[in-house]
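Report on the following structure.
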Amino acid sequence: HRSRSRDNVVLMLSVFIIFILLFEHRLVIPSVLQSFGRLHPLVLHLPIALLLVALGLEFYRAGRTTDDDGYQRLSSFLVFAAVVTTGIAVIMGIFLSREGDHGGDDLLWHKWTGIAVYVIATAIYSCRRATWYNAMVARIGVIVTTVCLVVAGHFGGSLTHGDNFVLAPVLPESDSFNQYHFPAADDETVRAVNSNYRVIRPVALHSPALAVNIYNRSLYAPKALADLKALSRQVV
């Protein structure tokens, strides 16, 4: 009965996601659901953690030659929890994307690789009790899901923090950066003007030029730019 109830939850969640994807361009998101969608960057960390743990257990389970009821119950629950929370994060992300403040290729890649994570994780959940579900199938599913998760995370980071947010500090300078002949800013000055909603970082490793990303439109004020006066030579 517990397994059937979980299956029904996953089925209803999947049907709802398919529905909003089919009619996405006709959706008008009410303000209450807009607030729900804006929690996407916060909530998605839970399914990521659950997915990594569940996929790790699934990868290990596929190579076990003996059954352990406790281990099986734990791994089954974690896979189920990962699928449900991932589905909720997908719905929140779709609602957020409909606000019109996001766009471009980064959004498309983030959206569809995130949906791919949900689809593959759901397939793993649905098929793991089948007789043909063996170690090779399980491990291929785990690896593909992990790759999609990494890609979705990369483009999600680009949406919120700018291009190459993770790799920019270690990327070598290209010839285009040689045009900057001004001195680098003082580290203490940069730290003083950094905040949760205003991130300042070098455009590349050892480059004196600085890139500025400002987030949360509702909290923006002209003072956010005025505070950068001390870095006016370095900001490009």
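For the structure tokens, the naming scheme is as follows: chains receive sequential letters (A, B, ...) according to their order of presentation, residues are indexed from 1 within each chain, and ligands are indexed from 1 in presentation order.
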
Tyr180 in chain A: which residues within 10 Å, counting only C-alpha atoms, same-chain residues fewer than 5 positions away excluded, as a PyMOL selection string?
chain A and resi 207-209+233-234+236

Would you please work out which residue, of A:Phe77, A:Phe23, A:Phe36, A:Phe155, is nearest to Gly93 in chain A when using only C-alpha atoms?
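Of all the options, A:Phe36 lies closest to Gly93 in chain A.
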
Please provide as a PyMOL selection string all residues within 10 Å of range 124-129 of chain A, with the sequence filter that same-chain residues fewer than 2 positions apart are discarded (counting only C-alpha atoms).
chain A and resi 7+10-11+55+58+62+76-80+82-83+118-122+131-134+137-138+141-142+145

Atoms kept (N, CA, C and O atoms) for selection, written as an mmCIF file, in the first residue's frame:
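Everything below was put into out.cif:
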data_model
loop_
_atom_site.group_PDB
_atom_site.id
_atom_site.type_symbol
_atom_site.label_atom_id
_atom_site.label_comp_id
_atom_site.auth_asym_id
_atom_site.auth_seq_id
_atom_site.Cartn_x
_atom_site.Cartn_y
_atom_site.Cartn_z
ATOM 1 N N ASP A 7 3.660 5.716 -5.661
ATOM 2 C CA ASP A 7 3.521 5.703 -7.124
ATOM 3 C C ASP A 7 2.465 6.706 -7.580
ATOM 4 O O ASP A 7 2.641 7.396 -8.588
ATOM 5 N N VAL A 10 3.867 10.294 -7.400
ATOM 6 C CA VAL A 10 4.769 10.558 -8.529
ATOM 7 C C VAL A 10 3.975 10.723 -9.819
ATOM 8 O O VAL A 10 4.274 11.596 -10.641
ATOM 9 N N LEU A 11 2.953 9.893 -10.004
ATOM 10 C CA LEU A 11 2.127 9.982 -11.207
ATOM 11 C C LEU A 11 1.410 11.329 -11.286
ATOM 12 O O LEU A 11 1.425 11.995 -12.338
ATOM 13 N N LEU A 55 21.160 8.788 -5.496
ATOM 14 C CA LEU A 55 21.866 8.218 -6.645
ATOM 15 C C LEU A 55 23.108 7.459 -6.207
ATOM 16 O O LEU A 55 23.461 6.422 -6.785
ATOM 17 N N GLU A 58 21.866 4.221 -4.935
ATOM 18 C CA GLU A 58 21.398 3.404 -6.052
ATOM 19 C C GLU A 58 22.575 2.810 -6.819
ATOM 20 O O GLU A 58 22.554 1.649 -7.228
ATOM 21 N N ALA A 62 23.237 -1.272 -6.902
ATOM 22 C CA ALA A 62 23.259 -2.039 -8.148
ATOM 23 C C ALA A 62 24.348 -3.101 -8.153
ATOM 24 O O ALA A 62 24.243 -4.107 -8.846
ATOM 25 N N SER A 76 14.892 3.181 -1.346
ATOM 26 C CA SER A 76 13.608 3.410 -2.018
ATOM 27 C C SER A 76 12.987 4.721 -1.564
ATOM 28 O O SER A 76 12.474 5.500 -2.389
ATOM 29 N N PHE A 77 13.020 4.974 -0.250
ATOM 30 C CA PHE A 77 12.447 6.216 0.254
ATOM 31 C C PHE A 77 13.208 7.430 -0.253
ATOM 32 O O PHE A 77 12.613 8.445 -0.638
ATOM 33 N N LEU A 78 14.539 7.356 -0.275
ATOM 34 C CA LEU A 78 15.334 8.498 -0.714
ATOM 35 C C LEU A 78 15.136 8.783 -2.199
ATOM 36 O O LEU A 78 15.079 9.948 -2.607
ATOM 37 N N VAL A 79 15.027 7.732 -3.016
ATOM 38 C CA VAL A 79 14.756 7.948 -4.441
ATOM 39 C C VAL A 79 13.393 8.617 -4.616
ATOM 40 O O VAL A 79 13.235 9.562 -5.398
ATOM 41 N N PHE A 80 12.398 8.130 -3.873
ATOM 42 C CA PHE A 80 11.055 8.730 -3.923
ATOM 43 C C PHE A 80 11.100 10.194 -3.494
ATOM 44 O O PHE A 80 10.545 11.072 -4.175
ATOM 45 N N ALA A 82 13.614 12.215 -3.472
ATOM 46 C CA ALA A 82 14.373 12.999 -4.449
ATOM 47 C C ALA A 82 13.512 13.335 -5.660
ATOM 48 O O ALA A 82 13.537 14.460 -6.171
ATOM 49 N N VAL A 83 12.726 12.368 -6.130
ATOM 50 C CA VAL A 83 11.853 12.598 -7.289
ATOM 51 C C VAL A 83 10.802 13.659 -6.959
ATOM 52 O O VAL A 83 10.568 14.590 -7.748
ATOM 53 N N TYR A 118 14.528 15.363 -13.666
ATOM 54 C CA TYR A 118 13.292 14.822 -13.099
ATOM 55 C C TYR A 118 12.824 13.587 -13.866
ATOM 56 O O TYR A 118 12.422 12.584 -13.255
ATOM 57 N N VAL A 119 12.867 13.651 -15.203
ATOM 58 C CA VAL A 119 12.394 12.529 -16.027
ATOM 59 C C VAL A 119 13.224 11.269 -15.764
ATOM 60 O O VAL A 119 12.679 10.172 -15.560
ATOM 61 N N ILE A 120 14.538 11.419 -15.754
ATOM 62 C CA ILE A 120 15.400 10.239 -15.566
ATOM 63 C C ILE A 120 15.276 9.699 -14.143
ATOM 64 O O ILE A 120 15.222 8.481 -13.933
ATOM 65 N N ALA A 121 15.213 10.610 -13.163
ATOM 66 C CA ALA A 121 15.050 10.155 -11.774
ATOM 67 C C ALA A 121 13.714 9.437 -11.599
ATOM 68 O O ALA A 121 13.631 8.422 -10.883
ATOM 69 N N THR A 122 12.674 9.931 -12.257
ATOM 70 C CA THR A 122 11.365 9.268 -12.201
ATOM 71 C C THR A 122 11.421 7.901 -12.862
ATOM 72 O O THR A 122 10.817 6.925 -12.378
ATOM 73 N N THR A 131 12.226 -6.648 -13.315
ATOM 74 C CA THR A 131 13.182 -7.762 -13.364
ATOM 75 C C THR A 131 14.373 -7.458 -14.262
ATOM 76 O O THR A 131 15.465 -7.971 -14.046
ATOM 77 N N TRP A 132 14.157 -6.615 -15.293
ATOM 78 C CA TRP A 132 15.240 -6.301 -16.229
ATOM 79 C C TRP A 132 16.147 -5.176 -15.730
ATOM 80 O O TRP A 132 17.152 -4.855 -16.356
ATOM 81 N N TYR A 133 15.788 -4.580 -14.611
ATOM 82 C CA TYR A 133 16.579 -3.466 -14.067
ATOM 83 C C TYR A 133 17.810 -4.042 -13.367
ATOM 84 O O TYR A 133 17.737 -4.508 -12.232
ATOM 85 N N ASN A 134 18.942 -4.034 -14.052
ATOM 86 C CA ASN A 134 20.160 -4.621 -13.510
ATOM 87 C C ASN A 134 21.195 -3.551 -13.185
ATOM 88 O O ASN A 134 20.938 -2.346 -13.300
ATOM 89 N N VAL A 137 22.026 -1.000 -16.089
ATOM 90 C CA VAL A 137 20.967 -0.025 -16.321
ATOM 91 C C VAL A 137 20.951 1.016 -15.202
ATOM 92 O O VAL A 137 20.838 2.226 -15.451
ATOM 93 N N ALA A 138 21.075 0.546 -13.966
ATOM 94 C CA ALA A 138 21.047 1.446 -12.816
ATOM 95 C C ALA A 138 22.192 2.446 -12.878
ATOM 96 O O ALA A 138 21.996 3.655 -12.687
ATOM 97 N N GLY A 141 21.775 5.033 -15.634
ATOM 98 C CA GLY A 141 20.786 6.022 -15.213
ATOM 99 C C GLY A 141 21.350 7.005 -14.208
ATOM 100 O O GLY A 141 21.110 8.212 -14.301
ATOM 101 N N VAL A 142 22.128 6.503 -13.259
ATOM 102 C CA VAL A 142 22.741 7.368 -12.241
ATOM 103 C C VAL A 142 23.723 8.335 -12.889
ATOM 104 O O VAL A 142 23.732 9.545 -12.592
ATOM 105 N N THR A 145 21.852 10.987 -15.047
ATOM 106 C CA THR A 145 21.171 11.937 -14.169
ATOM 107 C C THR A 145 22.161 12.912 -13.544
ATOM 108 O O THR A 145 21.899 14.123 -13.465
#

List every residue of range 10-117 of chain A that DSSP, applied to the backbone of this structure, places in helix (DSSP H, G or I), and write the result as number ranges by chain.
A: 10-22, 24-26, 31-37, 40-43, 45-61, 69-97, 105-117

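Restricting the calculation to only C-alpha atoms, the smallest distance between Asp227 in chain A and any of A:Ser195, A:Gly104, A:Pro202, A:Gly153 is found for A:Ser195.
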
Between A:Ile88, A:Leu57, A:Ala185, A:Val43, which is the closest to Met12 in chain A once you count only C-alpha atoms?
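Using only C-alpha atoms, Met12 in chain A sits closest to A:Ile88.
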
Provide the CA of Ala230 in chain A to CA of Asp187 in chain A distance in Å, to one decimal place.
11.9 Å

So, counting only C-alpha atoms, which residue among A:Val235, A:Gly56, A:Glu188, A:Pro222 is closest to Leu210 in chain A?
A:Val235

Find, counting only C-alpha atoms, the residue in A:Ala184, A:Leu228, A:Leu74, A:Leu149 that gets nearest to Val117 in chain A.
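For Val117 in chain A, the nearest of the given residues is A:Leu149.
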
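The shell of residues at most 8 Å from range 14-17 of chain A, with only C-alpha atoms counted and near chain neighbours (fewer than 6 positions) removed, consists of Gly87, Val90 and Ile91 of chain A.
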
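Remark: for Lys111 in chain A, the closest of the candidate residues A:Leu21, A:Ala130, A:Ile140, A:Val190 is A:Leu21 (distances computed over only C-alpha atoms).
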
Could you work out how far CA of Gly114 in chain A lies from CA of Ser5 in chain A, giving the answer in Å with one decimal?
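Rounded to one decimal, the two atoms are 24.9 Å apart.
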